[in-house]
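Peer 1: Once you've had a glance at the structure underneath, I'll fire off some questions.
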Amino acid sequence: MAQTLLRPEQVDDLVAQYRKGATLVELASIFGVNRRTVAMHLTRREVTTRRGWFDPSRINEAADLYLSGLTLVEVGVKVGVGPQAVRRALASHGVVIRPGGGRRSRITASAAVGS
C-alpha cells in the first residue's frame, strides 16, 4: 500500500474536522489514509480522541447490516465508527457476534460447491 503523507495544513484541517465531530473512519476516507494514521496525527497534536462513540440512533441500521452478512469492519465503515465500537454496540443490543477469522467470499464458496 502506498504511503500518503499529509502536509501540516492538512493535519490542521483533520484536527479541526475531528473537533467538529468527524470520526476517525470518516477522516481516514477524506484524507486517503488509515484510521490509525488519523489517530496518530491527533495524538501528536495532543487531541484527546473519542473512544468507541457510537450514535445510538444507528443501532438498528448497524444490526441489519451485520445480520445481512457484512463484517464488523464493513458495518463500521458504513456507520462511521471502528469495528470495536460496532462490536460493543451490537453486543449490548443483543446481537450475537459471529466468530472471528474472516468470512469466505460467497463467490469462492459457491465455486467450491460446484467443483
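Labels used: A, B, ... for chains in the order of the C-alpha cells, numbers from 1 for residues in each chain, and numbers from 1 for ligands as shown.
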Contacts of Gly32 of chain A at 12 Å or less, counting only C-alpha atoms, minus same-chain residues fewer than 2 places along, as a PyMOL selection string?

Peer 2: chain A and resi 1-6+10+14+24-30+34-38

Peer 1: Kindly save the residues from that selection, with N, CA and C atoms included, as a compact mmCIF listing (two decimals), in the first residue's frame.

Peer 2:
```
# COMPACT_ATOMS: atom_id res chain seq x y z
N MET A 1 0.85 -1.18 0.00
CA MET A 1 0.00 0.00 0.00
C MET A 1 0.89 1.24 0.00
N ALA A 2 0.56 2.19 -0.84
CA ALA A 2 1.32 3.43 -0.93
C ALA A 2 1.09 4.27 0.32
N GLN A 3 2.15 4.90 0.76
CA GLN A 3 2.06 5.74 1.94
C GLN A 3 1.61 7.15 1.53
N THR A 4 0.63 7.68 2.24
CA THR A 4 0.15 9.03 1.98
C THR A 4 0.64 9.94 3.10
N LEU A 5 1.44 10.90 2.74
CA LEU A 5 1.94 11.86 3.73
C LEU A 5 1.06 13.10 3.70
N LEU A 6 0.63 13.53 4.86
CA LEU A 6 -0.20 14.72 4.96
C LEU A 6 0.67 15.94 5.25
N GLN A 10 -2.91 20.09 6.07
CA GLN A 10 -3.91 19.02 6.01
C GLN A 10 -4.18 18.46 7.40
N LEU A 14 -7.59 18.23 9.42
CA LEU A 14 -8.02 16.97 10.02
C LEU A 14 -8.40 17.19 11.48
N LEU A 24 -12.90 9.04 13.14
CA LEU A 24 -11.63 8.60 12.59
C LEU A 24 -11.83 7.95 11.22
N VAL A 25 -12.88 7.14 11.10
CA VAL A 25 -13.16 6.45 9.84
C VAL A 25 -13.50 7.47 8.75
N GLU A 26 -14.31 8.46 9.07
CA GLU A 26 -14.67 9.48 8.08
C GLU A 26 -13.42 10.25 7.64
N LEU A 27 -12.59 10.63 8.59
CA LEU A 27 -11.39 11.39 8.26
C LEU A 27 -10.41 10.55 7.45
N ALA A 28 -10.30 9.28 7.78
CA ALA A 28 -9.43 8.39 7.01
C ALA A 28 -9.87 8.36 5.55
N SER A 29 -11.17 8.30 5.34
CA SER A 29 -11.69 8.27 3.98
C SER A 29 -11.44 9.61 3.26
N ILE A 30 -11.68 10.69 3.94
CA ILE A 30 -11.50 12.02 3.36
C ILE A 30 -10.04 12.26 2.96
N ASN A 34 -5.16 5.53 6.59
CA ASN A 34 -5.74 4.57 7.52
C ASN A 34 -6.25 5.31 8.75
N ARG A 35 -7.28 4.75 9.39
CA ARG A 35 -7.82 5.42 10.59
C ARG A 35 -6.79 5.48 11.71
N ARG A 36 -5.85 4.54 11.74
CA ARG A 36 -4.78 4.58 12.75
C ARG A 36 -3.84 5.75 12.49
N THR A 37 -3.65 6.09 11.22
CA THR A 37 -2.84 7.25 10.87
C THR A 37 -3.52 8.52 11.36
N VAL A 38 -4.85 8.58 11.21
CA VAL A 38 -5.60 9.73 11.72
C VAL A 38 -5.40 9.83 13.23
```

Peer 1: Got a sec to tell me which of chain A DSSP assigns to helix (DSSP H, G or I), as a ChimeraX atom specification?

Peer 2: /A:8-19,24-31,35-44,56-67,72-79,83-92,106-114

Peer 1: Have a look at A:Ile59, A:Val96, A:Val33, A:Ala16 and name the one nearest to Lys78 of chain A; count only C-alpha atoms.

Peer 2: A:Ile59

Peer 1: One number please: atom CA of Arg45 of chain A to atom CA of Ala85 of chain A, in Å, one decimal.

Peer 2: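 Interatomic distance here is 23.3 Å.
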
Peer 1: Can you list, as a list in words, every protein, DNA or RNA residue that comes within 12 Å of Val47 of chain A when you count only C-alpha atoms, leaving out same-chain residues fewer than 6 positions away?

Peer 2: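 Final neighbour list, sorted by chain and number: Val11, Asp12, Leu14, Val15, Ala16, Gln17, Tyr18, Arg19, Val38, Ala39, Met40 and His41 of chain A.
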
Peer 1: Determine the nearest neighbour of Thr49 of chain A from the options A:Ala91, A:Val86, A:Val77, A:Ala22, counting only C-alpha atoms.

Peer 2: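 For Thr49 of chain A, the nearest of the given residues is A:Ala22.
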